[in-house]
$ cat coords29.tsv   # TSV, C-alpha atoms
chain	number	residue	atom	x	y	z
A	184	MET	CA	0.00	0.00	0.00
A	185	LYS	CA	1.06	3.55	-0.65
A	186	SER	CA	0.87	6.26	1.96
A	187	SER	CA	1.63	9.97	2.26
A	188	VAL	CA	2.39	11.82	5.49
A	189	ILE	CA	1.83	15.57	5.32
A	190	VAL	CA	4.49	17.72	7.03
A	191	PHE	CA	3.80	21.27	8.24
A	192	PRO	CA	6.18	23.64	10.00
A	193	GLY	CA	5.69	22.50	13.60
A	194	SER	CA	4.62	18.91	12.89
A	195	ASN	CA	6.38	16.60	15.35
A	196	CYS	CA	4.68	13.21	15.06
A	197	ASP	CA	5.26	12.86	11.32
A	198	ARG	CA	8.35	10.68	11.66
A	199	ASP	CA	6.75	8.43	14.30
A	200	ILE	CA	3.89	7.72	11.88
A	201	ALA	CA	6.35	7.12	9.03
A	202	VAL	CA	8.34	4.60	11.13
A	203	VAL	CA	5.16	2.58	11.79
A	204	LEU	CA	4.01	2.73	8.17
A	205	GLU	CA	7.41	1.66	6.85
A	206	LYS	CA	7.63	-1.16	9.38
A	207	LEU	CA	4.32	-2.43	7.96
A	208	GLN	CA	5.76	-2.22	4.40
A	209	PHE	CA	3.79	0.84	3.29
A	210	LYS	CA	5.53	2.68	0.47
A	211	ASN	CA	5.52	6.02	2.25
A	212	THR	CA	6.25	9.55	1.02
A	213	MET	CA	6.66	12.61	3.25
A	214	VAL	CA	4.85	15.57	1.63
A	215	TRP	CA	5.73	19.18	2.50
A	216	HIS	CA	2.74	21.49	3.02
A	217	LYS	CA	3.67	23.73	0.05
A	218	GLU	CA	3.20	20.90	-2.45
A	219	THR	CA	0.25	21.22	-4.79
A	220	GLU	CA	0.28	17.58	-5.85
A	221	LEU	CA	0.19	14.39	-3.84
A	222	PRO	CA	1.70	11.08	-4.90
A	223	LYS	CA	-0.91	8.38	-5.55
A	224	SER	CA	-1.84	7.19	-2.06
A	225	ASP	CA	-4.17	4.66	-0.47
A	226	LEU	CA	-3.74	6.47	2.85
A	227	ILE	CA	-2.97	10.10	3.68
A	228	VAL	CA	-1.92	10.88	7.26
A	229	VAL	CA	-2.17	14.35	8.77
A	230	PRO	CA	0.13	13.95	11.78
A	231	GLY	CA	0.26	15.51	15.21
A	232	GLY	CA	2.33	18.45	16.35
A	233	PHE	CA	1.93	22.19	16.57
A	234	SER	CA	1.48	23.30	12.97
A	235	TYR	CA	2.21	27.04	12.66
A	236	GLY	CA	2.65	27.24	16.41
A	237	ASP	CA	-1.11	26.82	16.94
A	238	TYR	CA	-1.55	30.46	15.85
A	239	LEU	CA	-5.15	31.73	15.70
A	240	ARG	CA	-6.68	28.32	16.53
A	241	SER	CA	-4.97	24.92	16.46
A	242	GLY	CA	-4.97	23.74	12.87
A	243	ALA	CA	-6.57	26.90	11.43
A	244	ILE	CA	-3.55	28.04	9.39
A	245	ALA	CA	-2.58	24.56	8.20
A	246	ALA	CA	-6.16	24.05	7.01
A	247	LYS	CA	-5.58	26.82	4.43
A	248	SER	CA	-2.26	25.45	3.12
A	249	ASN	CA	-1.68	24.39	-0.50
A	250	VAL	CA	-1.52	20.71	0.24
A	251	LEU	CA	-4.84	20.67	2.10
A	252	SER	CA	-6.74	21.48	-1.12
A	253	GLU	CA	-5.19	18.36	-2.58
A	254	VAL	CA	-5.94	16.31	0.56
A	255	THR	CA	-9.56	17.51	0.32
A	256	ALA	CA	-9.76	16.50	-3.36
A	257	GLN	CA	-8.38	13.04	-2.52
A	258	ALA	CA	-10.73	12.72	0.46
A	259	ASN	CA	-13.69	13.44	-1.80
A	260	LYS	CA	-12.52	10.65	-4.12
A	261	GLY	CA	-12.61	8.21	-1.21
A	262	THR	CA	-8.91	7.99	-0.26
A	263	LEU	CA	-8.44	7.05	3.39
A	264	ILE	CA	-7.44	10.04	5.52
A	265	LEU	CA	-6.18	9.69	9.09
A	266	GLY	CA	-5.76	12.78	11.27
A	267	VAL	CA	-4.11	12.34	14.66
A	268	CYS	CA	-4.10	15.03	17.36
A	269	ASN	CA	-3.12	18.25	15.56
A	270	GLY	CA	-4.02	16.35	12.38
A	271	PHE	CA	-7.56	15.94	13.76
A	272	GLN	CA	-7.63	19.66	14.55
A	273	ILE	CA	-6.54	20.42	10.95
A	274	LEU	CA	-9.23	18.13	9.47
A	275	ILE	CA	-11.82	19.89	11.64
A	276	GLU	CA	-10.63	23.36	10.64
A	277	SER	CA	-10.61	22.39	6.95
A	278	GLY	CA	-14.21	21.19	7.20
A	279	LEU	CA	-13.39	17.57	6.30
A	280	LEU	CA	-14.73	16.62	9.72
A	281	LYS	CA	-17.46	18.51	11.55
A	282	GLY	CA	-17.38	20.02	15.02
A	283	ALA	CA	-14.69	21.87	16.97
A	284	LEU	CA	-11.84	21.07	19.34
A	285	LEU	CA	-11.82	23.47	22.28
A	286	ARG	CA	-9.29	23.94	25.04
A	287	ASN	CA	-9.22	21.11	27.55
A	288	ILE	CA	-11.76	21.76	30.25
A	289	GLY	CA	-9.08	21.88	32.98
A	290	LEU	CA	-7.00	24.36	30.90
A	291	LYS	CA	-3.97	22.10	31.18
A	292	PHE	CA	-1.91	20.42	28.51
A	293	ILE	CA	-2.49	16.70	29.13
A	294	SER	CA	0.15	14.11	28.28
A	295	LYS	CA	-0.70	10.68	29.63
A	296	ASN	CA	-1.93	7.23	28.72
A	297	VAL	CA	-5.69	6.84	28.65
A	298	PHE	CA	-8.13	4.02	28.00
A	299	ILE	CA	-10.37	4.29	24.99
A	300	LYS	CA	-13.25	2.07	23.98
A	301	ILE	CA	-13.89	1.00	20.39
A	302	ILE	CA	-17.44	2.22	19.71
A	303	SER	CA	-17.53	1.46	15.99
A	304	ASN	CA	-15.43	-1.18	14.30
A	305	LYS	CA	-17.39	-1.26	11.07
A	306	ASN	CA	-14.99	0.97	9.19
A	307	LYS	CA	-11.64	0.78	7.39
A	308	PHE	CA	-9.69	2.02	10.43
A	309	CYS	CA	-10.99	-0.19	13.25
A	310	ASN	CA	-12.03	-3.52	11.74
A	311	LYS	CA	-9.19	-5.41	13.49
A	312	TYR	CA	-10.52	-4.29	16.86
A	313	LYS	CA	-13.54	-5.87	18.52
A	314	LYS	CA	-16.56	-3.70	19.25
A	315	ASP	CA	-16.39	-2.44	22.87
A	316	GLN	CA	-12.73	-3.49	23.15
A	317	VAL	CA	-10.78	-1.26	25.54
A	318	ILE	CA	-7.30	-0.20	24.43
A	319	GLU	CA	-4.65	2.01	25.99
A	320	LEU	CA	-3.24	4.90	23.97
A	321	ASN	CA	-1.33	8.08	24.74
A	322	ILE	CA	-2.82	11.56	24.50
A	323	ALA	CA	-0.80	14.78	24.40
A	324	HIS	CA	-2.84	17.88	23.70
A	325	ASN	CA	-4.12	21.21	24.92
A	326	GLU	CA	-7.14	21.51	22.62
A	327	GLY	CA	-8.84	18.12	22.51
A	328	ASN	CA	-12.20	18.99	23.99
A	329	TYR	CA	-14.52	17.86	21.20
A	330	PHE	CA	-17.68	19.88	20.76
A	331	THR	CA	-20.43	19.75	18.17
A	332	SER	CA	-24.04	20.73	17.61
A	333	LYS	CA	-26.91	18.58	18.90
A	334	ASP	CA	-27.95	17.77	15.34
A	335	HIS	CA	-24.47	16.64	14.36
A	336	LEU	CA	-24.10	14.61	17.55
A	337	LYS	CA	-27.30	12.77	16.67
A	338	GLU	CA	-25.98	12.22	13.13
A	339	LEU	CA	-22.75	10.76	14.59
A	340	GLU	CA	-24.68	8.43	16.87
A	341	ASP	CA	-27.32	7.38	14.34
A	342	ASN	CA	-24.77	6.58	11.63
A	343	ASP	CA	-22.19	4.80	13.79
A	344	LEU	CA	-19.59	7.51	13.18
A	345	ILE	CA	-18.12	7.68	16.69
A	346	ALA	CA	-14.99	5.52	16.50
A	347	PHE	CA	-13.67	5.90	20.05
A	348	LYS	CA	-14.73	7.18	23.45
A	349	TYR	CA	-12.62	7.79	26.55
A	350	SER	CA	-13.42	5.15	29.15
A	351	ASN	CA	-11.91	3.50	32.20
A	352	LYS	CA	-10.08	0.19	32.08
A	353	LYS	CA	-13.37	-1.68	32.44
A	354	GLY	CA	-14.85	0.16	29.47
A	355	GLU	CA	-17.22	2.31	31.53
A	356	ILE	CA	-17.74	5.70	29.92
A	357	LEU	CA	-17.76	8.09	32.87
A	358	ASN	CA	-17.05	11.73	33.57
A	359	GLU	CA	-14.00	10.63	35.55
A	360	SER	CA	-12.63	8.86	32.49
A	361	ASN	CA	-13.02	11.95	30.32
A	362	PRO	CA	-9.63	13.70	30.33
A	363	ASN	CA	-10.50	16.85	28.39
A	364	GLY	CA	-14.25	17.52	28.63
A	365	SER	CA	-15.18	16.15	25.19
A	366	ILE	CA	-18.90	15.92	24.60
A	367	LYS	CA	-20.06	12.31	25.28
A	368	ASN	CA	-16.39	11.35	25.93
A	369	ILE	CA	-15.72	11.36	22.18
A	370	ALA	CA	-12.07	10.64	21.30
A	371	GLY	CA	-12.38	10.05	17.56
A	372	ILE	CA	-14.95	10.47	14.79
A	373	LEU	CA	-15.53	9.49	11.16
A	374	ASN	CA	-17.06	11.44	8.29
A	375	ASN	CA	-20.31	10.21	6.71
A	376	ASN	CA	-18.45	8.19	4.06
A	377	LYS	CA	-16.24	6.64	6.77
A	378	ASN	CA	-13.05	7.28	4.78
A	379	ILE	CA	-11.82	10.02	7.13
A	380	LEU	CA	-10.92	9.36	10.77
A	381	GLY	CA	-9.90	12.09	13.20
A	382	MET	CA	-8.68	11.12	16.67
A	383	MET	CA	-6.92	12.82	19.57
A	384	PRO	CA	-5.05	9.75	20.93
A	385	HIS	CA	-1.82	8.69	19.22
A	386	PRO	CA	-1.95	5.14	17.77
A	387	GLU	CA	1.57	5.53	16.34
A	388	ARG	CA	3.01	5.83	19.86
A	389	MET	CA	1.66	2.39	20.79
A	390	ALA	CA	2.66	0.36	17.78
A	391	ASP	CA	5.80	-1.37	18.97
A	392	LYS	CA	6.53	-3.51	22.03
A	393	LEU	CA	9.81	-1.68	22.50
A	394	LEU	CA	7.84	1.51	23.03
A	395	SER	CA	5.01	1.53	25.52
A	396	GLY	CA	2.52	-0.83	23.97
A	397	GLU	CA	1.02	-2.28	20.83
A	398	ASP	CA	-2.62	-1.29	21.17
A	399	GLY	CA	-2.37	1.18	18.28
A	400	LEU	CA	-1.00	-1.34	15.82
A	401	ASP	CA	-4.38	-2.83	14.90
A	402	LEU	CA	-5.49	0.54	13.55
A	403	PHE	CA	-2.78	0.38	10.90
A	404	LEU	CA	-3.42	-3.34	10.30
A	405	SER	CA	-7.11	-2.52	9.80
A	406	ILE	CA	-6.19	-0.02	7.11
A	407	MET	CA	-4.12	-2.71	5.35
A	408	SER	CA	-6.81	-5.38	5.44
B	194	MET	CA	-9.74	51.90	5.67
B	195	LYS	CA	-9.58	50.36	9.13
B	196	PHE	CA	-11.73	47.78	10.80
B	197	ALA	CA	-11.87	46.31	14.27
B	198	VAL	CA	-12.99	42.72	14.54
B	199	THR	CA	-13.80	40.93	17.79
B	200	VAL	CA	-14.21	37.17	17.94
B	201	THR	CA	-15.85	35.65	21.00
B	202	LEU	CA	-17.04	32.19	21.95
B	203	LYS	CA	-20.76	31.66	21.46
B	204	LYS	CA	-22.89	31.98	24.58
B	205	ASP	CA	-23.53	28.26	24.96
B	206	VAL	CA	-19.85	27.33	24.55
B	207	LEU	CA	-17.93	26.99	27.80
B	208	ASP	CA	-15.14	29.57	28.15
B	209	PRO	CA	-12.78	28.07	30.74
B	210	GLN	CA	-10.19	30.86	30.34
B	211	GLY	CA	-12.82	33.54	30.89
B	212	LYS	CA	-14.01	31.66	33.98
B	213	VAL	CA	-10.52	31.61	35.49
B	214	VAL	CA	-10.01	35.31	34.69
B	215	GLY	CA	-13.40	36.07	36.27
B	216	GLN	CA	-12.57	34.10	39.41
B	217	THR	CA	-9.23	35.93	39.69
B	218	ILE	CA	-10.96	39.31	39.41
B	219	LYS	CA	-13.32	38.30	42.22
B	220	ASN	CA	-10.34	37.17	44.30
B	221	MET	CA	-8.83	40.64	43.72
B	222	GLY	CA	-11.80	42.05	45.59
B	223	ILE	CA	-14.06	43.17	42.74
B	224	LYS	CA	-17.03	41.16	43.91
B	225	ASN	CA	-19.72	42.80	41.76
B	226	LEU	CA	-18.35	41.27	38.55
B	227	ASN	CA	-21.24	39.51	36.86
B	228	GLN	CA	-19.57	37.76	33.93
B	229	ILE	CA	-16.46	38.00	31.79
B	230	ARG	CA	-15.88	36.26	28.46
B	231	GLN	CA	-12.48	36.12	26.79
B	232	GLY	CA	-12.13	36.71	23.05
B	233	LYS	CA	-9.80	37.82	20.27
B	234	PHE	CA	-9.36	41.26	18.73
B	235	PHE	CA	-8.06	42.00	15.22
B	236	GLU	CA	-7.08	45.41	13.79
B	237	ILE	CA	-7.47	45.25	10.03
B	238	GLU	CA	-6.27	47.86	7.56
B	239	MET	CA	-7.43	47.53	3.95
B	240	ASN	CA	-6.08	49.21	0.81
B	241	GLU	CA	-9.58	49.80	-0.50
B	242	LYS	CA	-11.61	52.97	-0.95
B	243	ASP	CA	-14.95	51.27	-1.57
B	244	SER	CA	-16.23	50.76	1.95
B	245	MET	CA	-18.92	48.28	0.93
B	246	LYS	CA	-16.32	46.12	-0.82
B	247	ALA	CA	-13.83	46.38	2.05
B	248	GLU	CA	-16.45	45.44	4.59
B	249	SER	CA	-17.60	42.43	2.61
B	250	GLN	CA	-13.96	41.30	2.32
B	251	VAL	CA	-13.47	41.63	6.08
B	252	LYS	CA	-16.63	39.59	6.53
B	253	GLU	CA	-15.17	36.93	4.22
B	254	MET	CA	-11.97	36.87	6.33
B	255	CYS	CA	-14.03	36.34	9.45
B	256	GLU	CA	-16.16	33.59	7.97
B	257	LYS	CA	-13.29	31.69	6.36
B	258	LEU	CA	-10.44	32.14	8.79
B	259	LEU	CA	-10.65	34.48	11.79
B	260	ALA	CA	-13.64	32.82	13.43
B	261	ASN	CA	-14.75	29.21	13.66
B	262	GLN	CA	-18.46	29.76	13.37
B	263	ILE	CA	-19.35	26.49	15.06
B	264	ILE	CA	-18.06	27.86	18.34
B	265	GLU	CA	-17.42	31.57	17.77
B	266	ASP	CA	-19.29	34.76	16.86
B	267	PHE	CA	-17.66	37.80	15.28
B	268	LYS	CA	-18.42	41.50	15.22
B	269	ILE	CA	-17.05	43.92	12.63
B	270	LYS	CA	-16.73	47.62	13.42
B	271	LYS	CA	-15.49	50.24	10.97
B	272	ALA	CA	-12.78	52.18	12.79
B	273	GLU	CA	-12.76	55.39	10.72
$ encode --input "coords29.tsv" --output "structure tokens"
Amino acid sequence: MKSSVIVFPGSNCDRDIAVVLEKLQFKNTMVWHKETELPKSDLIVVPGGFSYGDYLRSGAIAAKSNVLSEVTAQANKGTLILGVCNGFQILIESGLLKGALLRNIGLKFISKNVFIKIISNKNKFCNKYKKDQVIELNIAHNEGNYFTSKDHLKELEDNDLIAFKYSNKKGEILNESNPNGSIKNIAGILNNNKNILGMMPHPERMADKLLSGEDGLDLFLSIMS
Amino acid sequence: MKFAVTVTLKKDVLDPQGKVVGQTIKNMGIKNLNQIRQGKFFEIEMNEKDSMKAESQVKEMCEKLLANQIIEDFKIKKAE
């Protein structure tokens, strides 16, 4: 499979993603944000980091970059798009995913491992996970507090577009297991066509036993299957 | 032609920074503070004599970049 990882000034998880993709034999290309063309890709990753120093709103400037027009065109053709952390913020700001990511409710940057529950596995990103499976991933963000309108929330729920929710180890979705104040504990969502996934937790940080875990690996294996 | 644009969170969106600022003001002894909401302020200078055109361009800036209309409202004021 062919993949592209988009790199903005301030991206810092781009190489981590590339290491995982290459380990899984993806033919990967790093694409600088000024590019106006993308190599043919089965998967485009918008990685985490602090694109443009989070000026204005996280992801707002990157969403207007040259390469994002191309990412949008590919997304509309059905190419798989994965946005992680700042990548999720960029997909939201570009309108590829709906809603908003506000400052964490406690106003603190949170970097820790959290438990997330697989809410939907009927999509190209999560089919290797079991429904309701609880996995442990790392989060590291200041603006991860997902918010959306009542109508869109209903649309997400009715169409099985909520991929992950923050939970405890037992899989209970509680206020105490919500690290950032996200509405309904949402940690990751899909678009209506289910070819775009945006998520705050970092699957690429948990894709090797030598690192802190392997719970993120199945996300990449799902994409390959 | 100059414009002043303010961008604030919508009323039903929680403003945790504004809350902390408000609490601090109360702690400073100003107890009659009712509410404070934090926002952003932009000074915009346009090379354009047609005020209708300039204003519609500032509106476009707000809608497409300066504000995220899902969570924020904006106000445009002509400065001169």
$ closest_residue --input "coords29.tsv" --among "A:Ile345, A:Leu394, A:Ala246, A:Met389" --to "A:Gly278" --atoms "only C-alpha atoms"
A:Ala246
$ interface_residues --input "coords29.tsv" --of "chain A" --to "chain B" --cutoff "10 Å" --atoms "all atoms listed in the file" --output "MDAnalysis selection string"
chainID A and resid 239:240 243:244 246:247 275:277 281:290 330:332
$ residues_around --input "coords29.tsv" --residues "stretch 398-406 of chain A" --least-positions-apart "5" --cutoff "8 Å" --atoms "all atoms listed in the file" --output "number ranges by chain"
A: 204, 307-312, 318-320, 385-391
$ atom_distance --input "coords29.tsv" --atom1 "atom CA of A:Ala201" --atom2 "atom CA of A:Gly236"
21.7 Å
$ atom_distance --input "coords29.tsv" --atom1 "atom CA of A:Asn375" --atom2 "atom CA of A:Ile264"
12.9 Å
$ residues_around --input "coords29.tsv" --residues "A:Ser194" --least-positions-apart "5" --cutoff "8 Å" --atoms "all atoms listed in the file" --output "number ranges by chain"
A: 230-234
$ write_last_selection --input "coords29.tsv" --atoms "C-alpha atoms" --output "compact mmCIF listing (two decimals), keeping the file's coordinate frame"
# COMPACT_ATOMS: atom_id res chain seq x y z
CA PRO A 230 0.13 13.95 11.78
CA GLY A 231 0.26 15.51 15.21
CA GLY A 232 2.33 18.45 16.35
CA PHE A 233 1.93 22.19 16.57
CA SER A 234 1.48 23.30 12.97
$ atom_distance --input "coords29.tsv" --atom1 "atom CA of B:Glu248" --atom2 "atom CA of B:Val198"
10.9 Å
$ closest_residue --input "coords29.tsv" --among "A:Glu220, A:Glu205, A:Glu326, A:Glu397" --to "A:Gly242" --atoms "only C-alpha atoms"
A:Glu326
$ residues_near_point --input "coords29.tsv" --point "(-8.1, 19.2, 3.5)" --cutoff "8 Å" --atoms "only C-alpha atoms" --output "list in words"
Ala246, Val250, Leu251, Ser252, Glu253, Val254, Thr255, Ala256, Ala258, Ile273, Leu274, Ser277, Gly278 and Leu279 of chain A
$ residues_around --input "coords29.tsv" --residues "B:Ile229" --least-positions-apart "4" --cutoff "9 Å" --atoms "all atoms listed in the file" --output "list in words"
Gly211, Lys212, Val214 and Gly215 of chain B
$ residues_around --input "coords29.tsv" --residues "A:Thr212" --least-positions-apart "4" --cutoff "7 Å" --atoms "only C-alpha atoms" --output "list in words"
Ser186, Ser187 and Val188 of chain A
$ closest_residue --input "coords29.tsv" --among "B:Cys255, B:Ile223, B:Ile237, B:Ile218" --to "B:Phe196" --atoms "all atoms listed in the file"
B:Ile237
$ residues_around --input "coords29.tsv" --residues "stretch 234-236 of chain B" --least-positions-apart "5" --cutoff "10 Å" --atoms "only C-alpha atoms" --output "ChimeraX atom specification"
/B:195-201,259,267-270,272
$ closest_residue --input "coords29.tsv" --among "A:Lys314, A:Lys185, A:Ile227, A:Asn249" --to "A:Trp215" --atoms "all atoms listed in the file"
A:Asn249
$ closest_residue --input "coords29.tsv" --among "A:Ala346, A:Val317, A:Leu221, A:Leu373" --to "A:Leu280" --atoms "all atoms listed in the file"
A:Leu373
$ residues_near_point --input "coords29.tsv" --point "(-13.3, -0.9, 24.6)" --cutoff "12 Å" --atoms "all atoms listed in the file" --output "NGL selection string"
:A and (297-304 or 309 or 312-320 or 346-356 or 398)
$ write_last_selection --input "coords29.tsv" --atoms "C-alpha atoms" --output "PDB file, keeping the file's coordinate frame"
ATOM      1  CA  VAL A 297      -5.690   6.840  28.650  1.00  0.00           C
ATOM      2  CA  PHE A 298      -8.130   4.020  28.000  1.00  0.00           C
ATOM      3  CA  ILE A 299     -10.370   4.290  24.990  1.00  0.00           C
ATOM      4  CA  LYS A 300     -13.250   2.070  23.980  1.00  0.00           C
ATOM      5  CA  ILE A 301     -13.890   1.000  20.390  1.00  0.00           C
ATOM      6  CA  ILE A 302     -17.440   2.220  19.710  1.00  0.00           C
ATOM      7  CA  SER A 303     -17.530   1.460  15.990  1.00  0.00           C
ATOM      8  CA  ASN A 304     -15.430  -1.180  14.300  1.00  0.00           C
ATOM      9  CA  CYS A 309     -10.990  -0.190  13.250  1.00  0.00           C
ATOM     10  CA  TYR A 312     -10.520  -4.290  16.860  1.00  0.00           C
ATOM     11  CA  LYS A 313     -13.540  -5.870  18.520  1.00  0.00           C
ATOM     12  CA  LYS A 314     -16.560  -3.700  19.250  1.00  0.00           C
ATOM     13  CA  ASP A 315     -16.390  -2.440  22.870  1.00  0.00           C
ATOM     14  CA  GLN A 316     -12.730  -3.490  23.150  1.00  0.00           C
ATOM     15  CA  VAL A 317     -10.780  -1.260  25.540  1.00  0.00           C
ATOM     16  CA  ILE A 318      -7.300  -0.200  24.430  1.00  0.00           C
ATOM     17  CA  GLU A 319      -4.650   2.010  25.990  1.00  0.00           C
ATOM     18  CA  LEU A 320      -3.240   4.900  23.970  1.00  0.00           C
ATOM     19  CA  ALA A 346     -14.990   5.520  16.500  1.00  0.00           C
ATOM     20  CA  PHE A 347     -13.670   5.900  20.050  1.00  0.00           C
ATOM     21  CA  LYS A 348     -14.730   7.180  23.450  1.00  0.00           C
ATOM     22  CA  TYR A 349     -12.620   7.790  26.550  1.00  0.00           C
ATOM     23  CA  SER A 350     -13.420   5.150  29.150  1.00  0.00           C
ATOM     24  CA  ASN A 351     -11.910   3.500  32.200  1.00  0.00           C
ATOM     25  CA  LYS A 352     -10.080   0.190  32.080  1.00  0.00           C
ATOM     26  CA  LYS A 353     -13.370  -1.680  32.440  1.00  0.00           C
ATOM     27  CA  GLY A 354     -14.850   0.160  29.470  1.00  0.00           C
ATOM     28  CA  GLU A 355     -17.220   2.310  31.530  1.00  0.00           C
ATOM     29  CA  ILE A 356     -17.740   5.700  29.920  1.00  0.00           C
ATOM     30  CA  ASP A 398      -2.620  -1.290  21.170  1.00  0.00           C
TER      31      ASP A 398
END
$ closest_residue --input "coords29.tsv" --among "B:Met245, B:Glu256, B:Val251, B:Gln216" --to "B:Arg230" --atoms "all atoms listed in the file"
B:Gln216
